[in-house]
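Below is the file run02.pdb, which contains PDB, C-alpha atoms and all ligand atoms.
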```pdb
MODEL        1
ATOM      1  CA  MET T   1      31.415 -43.005 -39.167  1.00  0.00           C
ATOM      2  CA  PRO T   2      31.974 -41.041 -42.354  1.00  0.00           C
ATOM      3  CA  PHE T   3      32.271 -43.055 -45.504  1.00  0.00           C
ATOM      4  CA  VAL T   4      35.901 -42.983 -46.630  1.00  0.00           C
ATOM      5  CA  LYS T   5      37.248 -43.970 -50.008  1.00  0.00           C
ATOM      6  CA  ALA T   6      40.902 -44.525 -50.761  1.00  0.00           C
ATOM      7  CA  SER T   7      42.928 -46.246 -53.443  1.00  0.00           C
ATOM      8  CA  PRO T   8      44.002 -49.837 -52.689  1.00  0.00           C
ATOM      9  CA  GLU T   9      47.619 -48.583 -52.735  1.00  0.00           C
ATOM     10  CA  ALA T  10      46.866 -45.977 -50.058  1.00  0.00           C
ATOM     11  CA  GLN T  11      45.068 -48.643 -48.017  1.00  0.00           C
ATOM     12  CA  LEU T  12      48.117 -50.914 -48.261  1.00  0.00           C
ATOM     13  CA  ARG T  13      50.269 -48.095 -46.917  1.00  0.00           C
ATOM     14  CA  LEU T  14      48.072 -48.136 -43.803  1.00  0.00           C
ATOM     15  CA  LEU T  15      49.498 -51.558 -42.966  1.00  0.00           C
ATOM     16  CA  GLU T  16      52.990 -50.094 -42.991  1.00  0.00           C
ATOM     17  CA  LEU T  17      51.773 -47.172 -40.924  1.00  0.00           C
ATOM     18  CA  ALA T  18      50.291 -49.608 -38.392  1.00  0.00           C
ATOM     19  CA  ASP T  19      53.605 -51.530 -38.319  1.00  0.00           C
ATOM     20  CA  ARG T  20      55.539 -48.332 -37.578  1.00  0.00           C
ATOM     21  CA  ASP T  21      53.023 -47.267 -34.924  1.00  0.00           C
ATOM     22  CA  THR T  22      53.179 -50.689 -33.301  1.00  0.00           C
ATOM     23  CA  GLU T  23      56.950 -50.479 -33.278  1.00  0.00           C
ATOM     24  CA  LEU T  24      56.881 -46.971 -31.788  1.00  0.00           C
ATOM     25  CA  GLY T  25      54.433 -48.135 -29.136  1.00  0.00           C
ATOM     26  CA  ARG T  26      56.647 -51.095 -28.318  1.00  0.00           C
ATOM     27  CA  LEU T  27      59.707 -48.821 -28.033  1.00  0.00           C
ATOM     28  CA  ASP T  28      57.811 -46.419 -25.815  1.00  0.00           C
ATOM     29  CA  HIS T  29      56.748 -49.306 -23.570  1.00  0.00           C
ATOM     30  CA  ARG T  30      60.338 -50.549 -23.411  1.00  0.00           C
ATOM     31  CA  ARG T  31      61.556 -47.071 -22.517  1.00  0.00           C
ATOM     32  CA  ARG T  32      59.113 -46.834 -19.620  1.00  0.00           C
ATOM     33  CA  THR T  33      59.699 -50.358 -18.312  1.00  0.00           C
ATOM     34  CA  LEU T  34      63.478 -50.648 -18.495  1.00  0.00           C
ATOM     35  CA  PRO T  35      64.607 -52.869 -15.582  1.00  0.00           C
ATOM     36  CA  GLU T  36      67.316 -50.285 -14.862  1.00  0.00           C
ATOM     37  CA  ILE T  37      64.629 -47.795 -13.774  1.00  0.00           C
ATOM     38  CA  ALA T  38      63.511 -50.028 -10.886  1.00  0.00           C
ATOM     39  CA  GLU T  39      67.140 -50.860 -10.081  1.00  0.00           C
ATOM     40  CA  LEU T  40      68.010 -47.162  -9.858  1.00  0.00           C
ATOM     41  CA  ASP T  41      65.031 -46.515  -7.589  1.00  0.00           C
ATOM     42  CA  GLN T  42      66.261 -49.198  -5.197  1.00  0.00           C
ATOM     43  CA  LEU T  43      69.845 -47.977  -5.342  1.00  0.00           C
ATOM     44  CA  ASN T  44      68.810 -44.384  -4.682  1.00  0.00           C
ATOM     45  CA  GLU T  45      66.826 -45.573  -1.685  1.00  0.00           C
ATOM     46  CA  ARG T  46      69.892 -47.417  -0.405  1.00  0.00           C
ATOM     47  CA  ALA T  47      72.093 -44.379  -1.058  1.00  0.00           C
ATOM     48  CA  ALA T  48      69.763 -42.195   1.024  1.00  0.00           C
ATOM     49  CA  LYS T  49      69.889 -44.680   3.916  1.00  0.00           C
ATOM     50  CA  VAL T  50      73.673 -44.860   3.744  1.00  0.00           C
ATOM     51  CA  ARG T  51      73.904 -41.063   3.725  1.00  0.00           C
ATOM     52  CA  ASP T  52      71.746 -40.969   6.870  1.00  0.00           C
ATOM     53  CA  ALA T  53      73.946 -43.595   8.527  1.00  0.00           C
ATOM     54  CA  MET T  54      77.047 -41.549   7.661  1.00  0.00           C
ATOM     55  CA  THR T  55      75.541 -38.387   9.111  1.00  0.00           C
ATOM     56  CA  ILE T  56      74.654 -40.178  12.347  1.00  0.00           C
ATOM     57  CA  ALA T  57      78.120 -41.729  12.553  1.00  0.00           C
ATOM     58  CA  ASP T  58      79.787 -38.369  11.935  1.00  0.00           C
ATOM     59  CA  THR T  59      77.711 -36.745  14.665  1.00  0.00           C
ATOM     60  CA  ASN T  60      78.603 -39.559  17.081  1.00  0.00           C
ATOM     61  CA  LEU T  61      82.269 -39.207  16.251  1.00  0.00           C
ATOM     62  CA  SER T  62      82.372 -35.467  16.812  1.00  0.00           C
ATOM     63  CA  ASP T  63      80.455 -35.843  20.097  1.00  0.00           C
ATOM     64  CA  LEU T  64      82.921 -38.492  21.246  1.00  0.00           C
ATOM     65  CA  ASP T  65      85.899 -36.398  20.128  1.00  0.00           C
ATOM     66  CA  ARG T  66      84.607 -33.502  22.186  1.00  0.00           C
ATOM     67  CA  ASP T  67      84.033 -35.711  25.265  1.00  0.00           C
ATOM     68  CA  LEU T  68      87.415 -37.308  24.797  1.00  0.00           C
ATOM     69  CA  SER T  69      89.383 -34.059  24.660  1.00  0.00           C
ATOM     70  CA  ARG T  70      87.486 -32.796  27.688  1.00  0.00           C
ATOM     71  CA  ALA T  71      88.356 -35.979  29.625  1.00  0.00           C
ATOM     72  CA  GLU T  72      91.981 -35.789  28.485  1.00  0.00           C
ATOM     73  CA  ARG T  73      92.135 -32.168  29.627  1.00  0.00           C
ATOM     74  CA  ASP T  74      90.765 -33.230  33.025  1.00  0.00           C
ATOM     75  CA  VAL T  75      93.431 -35.938  33.335  1.00  0.00           C
ATOM     76  CA  GLU T  76      96.095 -33.418  32.385  1.00  0.00           C
ATOM     77  CA  GLN T  77      94.931 -30.933  35.027  1.00  0.00           C
ATOM     78  CA  VAL T  78      94.935 -33.576  37.767  1.00  0.00           C
ATOM     79  CA  THR T  79      98.325 -34.878  36.658  1.00  0.00           C
ATOM     80  CA  ASP T  80      99.742 -31.351  36.708  1.00  0.00           C
ATOM     81  CA  ARG T  81      98.430 -30.766  40.178  1.00  0.00           C
ATOM     82  CA  ILE T  82      99.884 -34.038  41.457  1.00  0.00           C
ATOM     83  CA  GLY T  83     103.179 -32.980  39.912  1.00  0.00           C
ATOM     84  CA  ARG T  84     103.110 -29.628  41.666  1.00  0.00           C
ATOM     85  CA  ASP T  85     102.196 -31.244  45.000  1.00  0.00           C
ATOM     86  CA  ASN T  86     105.040 -33.742  44.624  1.00  0.00           C
ATOM     87  CA  VAL T  87     107.486 -30.966  43.906  1.00  0.00           C
ATOM     88  CA  ARG T  88     106.427 -29.278  47.107  1.00  0.00           C
ATOM     89  CA  LEU T  89     106.640 -32.542  49.059  1.00  0.00           C
ATOM     90  CA  ASN T  90     110.041 -33.524  47.668  1.00  0.00           C
ATOM     91  CA  ALA T  91     111.569 -30.099  48.030  1.00  0.00           C
ATOM     92  CA  GLY T  92     110.951 -30.276  51.727  1.00  0.00           C
ATOM     93  CA  GLN T  93     109.146 -26.964  51.551  1.00  0.00           C
ATOM     94  CA  VAL T  94     106.449 -28.201  53.898  1.00  0.00           C
ATOM     95  CA  SER T  95     107.649 -28.690  57.441  1.00  0.00           C
ATOM     96  CA  ASN T  96     104.400 -28.326  59.317  1.00  0.00           C
ATOM     97  CA  ALA T  97     103.189 -31.854  60.122  1.00  0.00           C
ATOM     98  CA  ARG T  98      99.496 -31.123  59.637  1.00  0.00           C
ATOM     99  CA  GLU T  99     100.110 -29.341  56.364  1.00  0.00           C
ATOM    100  CA  LEU T 100     102.285 -32.247  55.242  1.00  0.00           C
ATOM    101  CA  GLU T 101      99.548 -34.723  56.083  1.00  0.00           C
ATOM    102  CA  SER T 102      96.929 -32.707  54.277  1.00  0.00           C
ATOM    103  CA  LEU T 103      99.150 -32.428  51.196  1.00  0.00           C
ATOM    104  CA  GLN T 104      99.821 -36.164  51.206  1.00  0.00           C
ATOM    105  CA  SER T 105      96.131 -36.935  51.530  1.00  0.00           C
ATOM    106  CA  GLU T 106      95.413 -34.532  48.661  1.00  0.00           C
ATOM    107  CA  VAL T 107      97.902 -36.402  46.470  1.00  0.00           C
ATOM    108  CA  THR T 108      96.239 -39.693  47.387  1.00  0.00           C
ATOM    109  CA  SER T 109      92.779 -38.490  46.455  1.00  0.00           C
ATOM    110  CA  LEU T 110      94.158 -36.843  43.291  1.00  0.00           C
ATOM    111  CA  ARG T 111      95.714 -40.168  42.247  1.00  0.00           C
ATOM    112  CA  LYS T 112      92.370 -41.862  42.750  1.00  0.00           C
ATOM    113  CA  ARG T 113      90.698 -39.173  40.648  1.00  0.00           C
ATOM    114  CA  GLN T 114      93.408 -39.523  38.021  1.00  0.00           C
ATOM    115  CA  GLY T 115      92.736 -43.262  37.816  1.00  0.00           C
ATOM    116  CA  ASP T 116      88.981 -42.710  37.437  1.00  0.00           C
ATOM    117  CA  LEU T 117      89.495 -40.107  34.714  1.00  0.00           C
ATOM    118  CA  GLU T 118      91.912 -42.342  32.834  1.00  0.00           C
ATOM    119  CA  GLU T 119      89.269 -45.058  32.859  1.00  0.00           C
ATOM    120  CA  VAL T 120      86.792 -42.599  31.396  1.00  0.00           C
ATOM    121  CA  VAL T 121      89.320 -41.747  28.663  1.00  0.00           C
ATOM    122  CA  LEU T 122      89.840 -45.440  27.875  1.00  0.00           C
ATOM    123  CA  GLU T 123      86.126 -46.095  27.689  1.00  0.00           C
ATOM    124  CA  LEU T 124      85.620 -43.101  25.405  1.00  0.00           C
ATOM    125  CA  MET T 125      88.459 -44.293  23.183  1.00  0.00           C
ATOM    126  CA  GLU T 126      86.819 -47.693  22.879  1.00  0.00           C
ATOM    127  CA  ARG T 127      83.499 -46.118  21.992  1.00  0.00           C
ATOM    128  CA  ARG T 128      85.229 -43.881  19.494  1.00  0.00           C
ATOM    129  CA  GLU T 129      86.835 -46.903  17.868  1.00  0.00           C
ATOM    130  CA  ALA T 130      83.448 -48.590  17.521  1.00  0.00           C
ATOM    131  CA  ALA T 131      81.911 -45.400  16.109  1.00  0.00           C
ATOM    132  CA  GLN T 132      84.788 -45.082  13.629  1.00  0.00           C
ATOM    133  CA  ALA T 133      84.223 -48.685  12.505  1.00  0.00           C
ATOM    134  CA  LEU T 134      80.541 -47.904  11.865  1.00  0.00           C
ATOM    135  CA  ARG T 135      81.539 -44.766   9.961  1.00  0.00           C
ATOM    136  CA  ASP T 136      84.067 -46.714   7.876  1.00  0.00           C
ATOM    137  CA  GLY T 137      81.451 -49.368   7.088  1.00  0.00           C
ATOM    138  CA  ALA T 138      78.930 -46.743   5.996  1.00  0.00           C
ATOM    139  CA  GLY T 139      81.600 -45.008   3.919  1.00  0.00           C
ATOM    140  CA  ALA T 140      82.525 -48.251   2.175  1.00  0.00           C
ATOM    141  CA  GLU T 141      78.881 -49.005   1.460  1.00  0.00           C
ATOM    142  CA  ALA T 142      78.349 -45.491   0.113  1.00  0.00           C
ATOM    143  CA  GLU T 143      81.230 -46.088  -2.269  1.00  0.00           C
ATOM    144  CA  SER T 144      79.834 -49.416  -3.411  1.00  0.00           C
ATOM    145  CA  VAL T 145      76.327 -47.971  -3.881  1.00  0.00           C
ATOM    146  CA  GLY T 146      77.848 -45.054  -5.780  1.00  0.00           C
ATOM    147  CA  ALA T 147      79.676 -47.444  -8.109  1.00  0.00           C
ATOM    148  CA  ASP T 148      76.485 -49.470  -8.662  1.00  0.00           C
ATOM    149  CA  LEU T 149      74.543 -46.273  -9.374  1.00  0.00           C
ATOM    150  CA  ALA T 150      77.106 -45.215 -11.960  1.00  0.00           C
ATOM    151  CA  ALA T 151      77.100 -48.635 -13.635  1.00  0.00           C
ATOM    152  CA  VAL T 152      73.311 -48.960 -13.769  1.00  0.00           C
ATOM    153  CA  THR T 153      72.928 -45.358 -14.948  1.00  0.00           C
ATOM    154  CA  ALA T 154      75.360 -46.039 -17.778  1.00  0.00           C
ATOM    155  CA  ARG T 155      73.441 -49.199 -18.694  1.00  0.00           C
ATOM    156  CA  ARG T 156      70.122 -47.334 -18.647  1.00  0.00           C
ATOM    157  CA  ASP T 157      71.516 -44.504 -20.758  1.00  0.00           C
ATOM    158  CA  ALA T 158      72.899 -46.970 -23.301  1.00  0.00           C
ATOM    159  CA  ALA T 159      69.520 -48.728 -23.494  1.00  0.00           C
ATOM    160  CA  LEU T 160      67.719 -45.387 -23.881  1.00  0.00           C
ATOM    161  CA  ALA T 161      70.126 -44.277 -26.602  1.00  0.00           C
ATOM    162  CA  GLU T 162      69.486 -47.505 -28.504  1.00  0.00           C
ATOM    163  CA  ILE T 163      65.712 -47.091 -28.110  1.00  0.00           C
ATOM    164  CA  ASP T 164      65.931 -43.465 -29.229  1.00  0.00           C
ATOM    165  CA  GLU T 165      67.872 -44.496 -32.303  1.00  0.00           C
ATOM    166  CA  GLN T 166      65.287 -47.121 -33.253  1.00  0.00           C
ATOM    167  CA  ALA T 167      62.459 -44.677 -32.522  1.00  0.00           C
ATOM    168  CA  ALA T 168      64.065 -42.037 -34.750  1.00  0.00           C
ATOM    169  CA  LYS T 169      64.256 -44.563 -37.594  1.00  0.00           C
ATOM    170  CA  ALA T 170      60.647 -45.659 -37.079  1.00  0.00           C
ATOM    171  CA  THR T 171      59.499 -42.043 -36.911  1.00  0.00           C
ATOM    172  CA  ALA T 172      61.284 -41.212 -40.169  1.00  0.00           C
ATOM    173  CA  ALA T 173      59.796 -44.306 -41.827  1.00  0.00           C
ATOM    174  CA  ARG T 174      56.368 -43.349 -40.514  1.00  0.00           C
ATOM    175  CA  ALA T 175      56.711 -39.841 -41.947  1.00  0.00           C
ATOM    176  CA  ALA T 176      57.647 -41.312 -45.326  1.00  0.00           C
ATOM    177  CA  VAL T 177      54.545 -43.554 -45.296  1.00  0.00           C
ATOM    178  CA  LEU T 178      52.339 -40.622 -44.297  1.00  0.00           C
ATOM    179  CA  THR T 179      53.031 -38.818 -47.572  1.00  0.00           C
ATOM    180  CA  ASP T 180      51.090 -41.589 -49.362  1.00  0.00           C
ATOM    181  CA  VAL T 181      48.082 -41.568 -47.041  1.00  0.00           C
ATOM    182  CA  PRO T 182      45.245 -39.133 -47.861  1.00  0.00           C
ATOM    183  CA  ALA T 183      44.094 -36.868 -45.045  1.00  0.00           C
ATOM    184  CA  ASP T 184      40.596 -38.343 -44.594  1.00  0.00           C
ATOM    185  CA  LEU T 185      41.960 -41.896 -44.471  1.00  0.00           C
ATOM    186  CA  LEU T 186      44.584 -40.834 -41.932  1.00  0.00           C
ATOM    187  CA  ALA T 187      41.917 -39.091 -39.847  1.00  0.00           C
ATOM    188  CA  LEU T 188      39.870 -42.306 -39.772  1.00  0.00           C
ATOM    189  CA  TYR T 189      42.967 -44.331 -38.890  1.00  0.00           C
ATOM    190  CA  ASP T 190      43.882 -41.927 -36.070  1.00  0.00           C
ATOM    191  CA  ARG T 191      40.345 -41.992 -34.686  1.00  0.00           C
ATOM    192  CA  ILE T 192      40.302 -45.782 -34.560  1.00  0.00           C
ATOM    193  CA  ARG T 193      43.752 -45.866 -32.989  1.00  0.00           C
ATOM    194  CA  ALA T 194      42.750 -43.379 -30.316  1.00  0.00           C
ATOM    195  CA  SER T 195      39.598 -45.246 -29.381  1.00  0.00           C
ATOM    196  CA  ALA T 196      40.699 -48.865 -29.748  1.00  0.00           C
ATOM    197  CA  GLY T 197      44.417 -48.654 -29.022  1.00  0.00           C
ATOM    198  CA  GLY T 198      46.923 -50.907 -30.740  1.00  0.00           C
ATOM    199  CA  ARG T 199      46.763 -51.501 -34.483  1.00  0.00           C
ATOM    200  CA  ALA T 200      44.123 -49.451 -36.281  1.00  0.00           C
ATOM    201  CA  ALA T 201      44.519 -51.193 -39.641  1.00  0.00           C
ATOM    202  CA  ALA T 202      44.972 -54.917 -40.244  1.00  0.00           C
ATOM    203  CA  GLU T 203      45.363 -57.216 -43.176  1.00  0.00           C
ATOM    204  CA  LEU T 204      42.486 -59.431 -44.165  1.00  0.00           C
ATOM    205  CA  ARG T 205      44.305 -62.718 -44.614  1.00  0.00           C
ATOM    206  CA  ARG T 206      42.538 -65.876 -45.769  1.00  0.00           C
ATOM    207  CA  GLY T 207      39.286 -64.737 -44.233  1.00  0.00           C
ATOM    208  CA  GLN T 208      40.879 -63.745 -40.914  1.00  0.00           C
ATOM    209  CA  CYS T 209      41.233 -60.260 -39.417  1.00  0.00           C
ATOM    210  CA  GLY T 210      44.935 -59.655 -38.783  1.00  0.00           C
ATOM    211  CA  GLY T 211      44.068 -57.379 -35.877  1.00  0.00           C
ATOM    212  CA  CYS T 212      41.767 -59.384 -33.627  1.00  0.00           C
ATOM    213  CA  ARG T 213      42.463 -62.771 -35.280  1.00  0.00           C
ATOM    214  CA  GLU T 214      38.765 -63.501 -35.644  1.00  0.00           C
ATOM    215  CA  MET T 215      37.572 -65.330 -38.763  1.00  0.00           C
ATOM    216  CA  LEU T 216      35.054 -63.339 -40.744  1.00  0.00           C
ATOM    217  CA  SER T 217      31.700 -64.949 -41.259  1.00  0.00           C
ATOM    218  CA  THR T 218      30.544 -65.859 -44.743  1.00  0.00           C
ATOM    219  CA  VAL T 219      28.138 -62.937 -44.689  1.00  0.00           C
ATOM    220  CA  GLU T 220      30.944 -60.547 -43.741  1.00  0.00           C
ATOM    221  CA  LEU T 221      33.247 -61.991 -46.381  1.00  0.00           C
ATOM    222  CA  ASN T 222      30.536 -61.549 -49.003  1.00  0.00           C
ATOM    223  CA  GLU T 223      30.143 -57.928 -47.966  1.00  0.00           C
ATOM    224  CA  VAL T 224      33.877 -57.358 -48.321  1.00  0.00           C
ATOM    225  CA  ARG T 225      33.819 -59.068 -51.725  1.00  0.00           C
ATOM    226  CA  ALA T 226      30.980 -56.824 -52.812  1.00  0.00           C
ATOM    227  CA  ALA T 227      32.779 -53.675 -51.709  1.00  0.00           C
ATOM    228  CA  ALA T 228      34.567 -51.681 -54.390  1.00  0.00           C
ATOM    229  CA  PRO T 229      38.398 -51.777 -54.184  1.00  0.00           C
ATOM    230  CA  ASP T 230      38.517 -48.108 -53.173  1.00  0.00           C
ATOM    231  CA  GLU T 231      35.964 -48.570 -50.435  1.00  0.00           C
ATOM    232  CA  VAL T 232      37.576 -48.632 -46.983  1.00  0.00           C
ATOM    233  CA  VAL T 233      36.046 -51.605 -45.173  1.00  0.00           C
ATOM    234  CA  ARG T 234      36.183 -52.233 -41.453  1.00  0.00           C
ATOM    235  CA  HIS T 235      35.873 -55.311 -39.323  1.00  0.00           C
ATOM    236  CA  GLU T 236      32.628 -54.930 -37.419  1.00  0.00           C
ATOM    237  CA  GLU T 237      33.932 -57.086 -34.578  1.00  0.00           C
ATOM    238  CA  CYS T 238      36.943 -54.930 -33.650  1.00  0.00           C
ATOM    239  CA  GLY T 239      36.397 -51.731 -35.636  1.00  0.00           C
ATOM    240  CA  ARG T 240      39.750 -51.938 -37.430  1.00  0.00           C
ATOM    241  CA  ILE T 241      40.234 -51.032 -41.052  1.00  0.00           C
ATOM    242  CA  LEU T 242      40.484 -54.286 -42.990  1.00  0.00           C
ATOM    243  CA  VAL T 243      43.011 -53.962 -45.782  1.00  0.00           C
ATOM    244  CA  ARG T 244      42.597 -56.362 -48.676  1.00  0.00           C
ATOM    245  CA  THR T 245      45.796 -57.804 -50.124  1.00  0.00           C
ATOM    246  CA  ALA T 246      46.631 -60.522 -52.646  1.00  0.00           C
ATOM    247  CA  ASP T 247      46.517 -62.962 -49.686  1.00  0.00           C
ATOM    248  CA  SER T 248      43.029 -61.990 -48.626  1.00  0.00           C
ATOM    249  CA  GLY T 249      41.395 -64.783 -50.562  1.00  0.00           C
ATOM    250  CA  MET T 250      38.916 -62.428 -52.211  1.00  0.00           C
TER     251      MET T 250
HETATM  252 ZN    ZN T 301      39.156 -57.629 -36.288  1.00  0.00          ZN
ENDMDL
END
```

With the file now loaded, output its structure as structure tokens.
Amino acid sequence: MPFVKASPEAQLRLLELADRDTELGRLDHRRRTLPEIAELDQLNERAAKVRDAMTIADTNLSDLDRDLSRAERDVEQVTDRIGRDNVRLNAGQVSNARELESLQSEVTSLRKRQGDLEEVVLELMERREAAQALRDGAGAEAESVGADLAAVTARRDAALAEIDEQAAKATAARAAVLTDVPADLLALYDRIRASAGGRAAAELRRGQCGGCREMLSTVELNEVRAAAPDEVVRHEECGRILVRTADSGM
């Protein structure tokens, strides 16, 4: 590690820099772990399922509509034919006994067929009603999921906007602090931060490292005491820069 010297004032500014970096790290963590993110994931999953259910219901409905109009057409054809046969029967157009019998038996079997087809129509109508109820349910759920999505999205966006605002302030404050930190001291600080994570500079307070909270041994304290004020000292235990303040007890 290169030997770095910096004025006590510049070293004090490192504490502010560490505060701003801690704050920025905290904001970044908050941004990534907003509860709304997990909520939106779940809602989007639900929305996809509801969309699938709606598609299936729509397909069922159009299939049933097609079957229903076909069955209704069949009923209509049979009814028409019965009507025509009855006209012939009632008009007395058929005098031949065998022909009359055959026509009457045709009407009988057509009435039977008409009854069967009408039952088919009724059954299809019932199935269509059930399919429509499923479709309505899916539609209502889609609406409710859509409303939830909009509400949670708005909440997430508001939280992000607030975080962004705080981050912008912290970033500006950090930039202001940086103007008072010499390049070699900043390079050391950045190196420690990259390797250790978290705070790279901590206050030495009444013999305790403000970073790892360990008490310094007497030997270590004596070494710090012996170091010149412009010498940048580090806590051997955690590697952080130890900044001496009026509260250090030196
Ligand atoms: Zn430490």

Worksheet item: In Å to one decimal, how far is CA of Ala97 in chain T from CA of Asp80 in chain T?
Response: 23.7 Å

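What separates CA of Ala196 in chain T from CA of Gly239 in chain T is a distance of 7.8 Å.
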
Discussion item. Which residues are near ligand ZN 301 (chain T) in this structure, taking near to mean any atom at most 9 Å from a ligand atom and counting all atoms listed in the file? Format them as a list in words.
Written reply: Ala202, Leu204, Gln208, Cys209, Gly210, Gly211, Cys212, Arg213, Glu214, Met215, Leu216, Arg234, His235, Glu236, Glu237, Cys238, Gly239, Arg240, Ile241 and Leu242 of chain T

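The gap separating CA of Val107 in chain T from CA of Ala71 in chain T is 19.4 Å, in Å to one decimal.
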
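The shortest atom-to-atom distance to Gly83 in chain T, with all atoms listed in the file taken into account, belongs to T:Arg111 out of T:Arg206, T:Arg127, T:Arg111, T:Arg135.
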
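Distances to Lys112 in chain T were evaluated for T:Val75, T:Leu221, T:Ala133, T:Ala147 using only C-alpha atoms, and the minimum falls at T:Val75.
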
Worksheet entry | Within 12 Å of file point (60.9, -48.1, -22.3), counting all atoms listed in the file, expressed as a PyMOL selection string | chain T and resi 23-38+156-157+159-164+166-167

Enclose range 9-20 of chain T, meaning all of its atoms listed in the file, in a box aligned along x, y and z, pad it by 6 Å on each side, and list the centre and edge lengths in Å to one decimal, as JSON.
```
{"center_x": 50.3, "center_y": -48.8, "center_z": -45.2, "size_x": 22.5, "size_y": 17.6, "size_z": 27.2}
```

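You can rank T:Leu122, T:Leu68, T:Val233, T:Ala154 by their closest distance to Glu203 in chain T using only C-alpha atoms, and at the top of that list sits T:Val233.
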
Fill in: Residue nearest Met54 in chain T - candidates T:Asp67, T:Glu72, T:Glu106, T:Glu141, atoms counted: all atoms listed in the file
T:Glu141

Practice prompt. Rank T:Ser217, T:Ser62, T:Gln11, T:Gln77 by their smallest atom-to-atom distance to Leu117 in chain T, using all atoms listed in the file, and report the top residue only.
Written response: T:Gln77
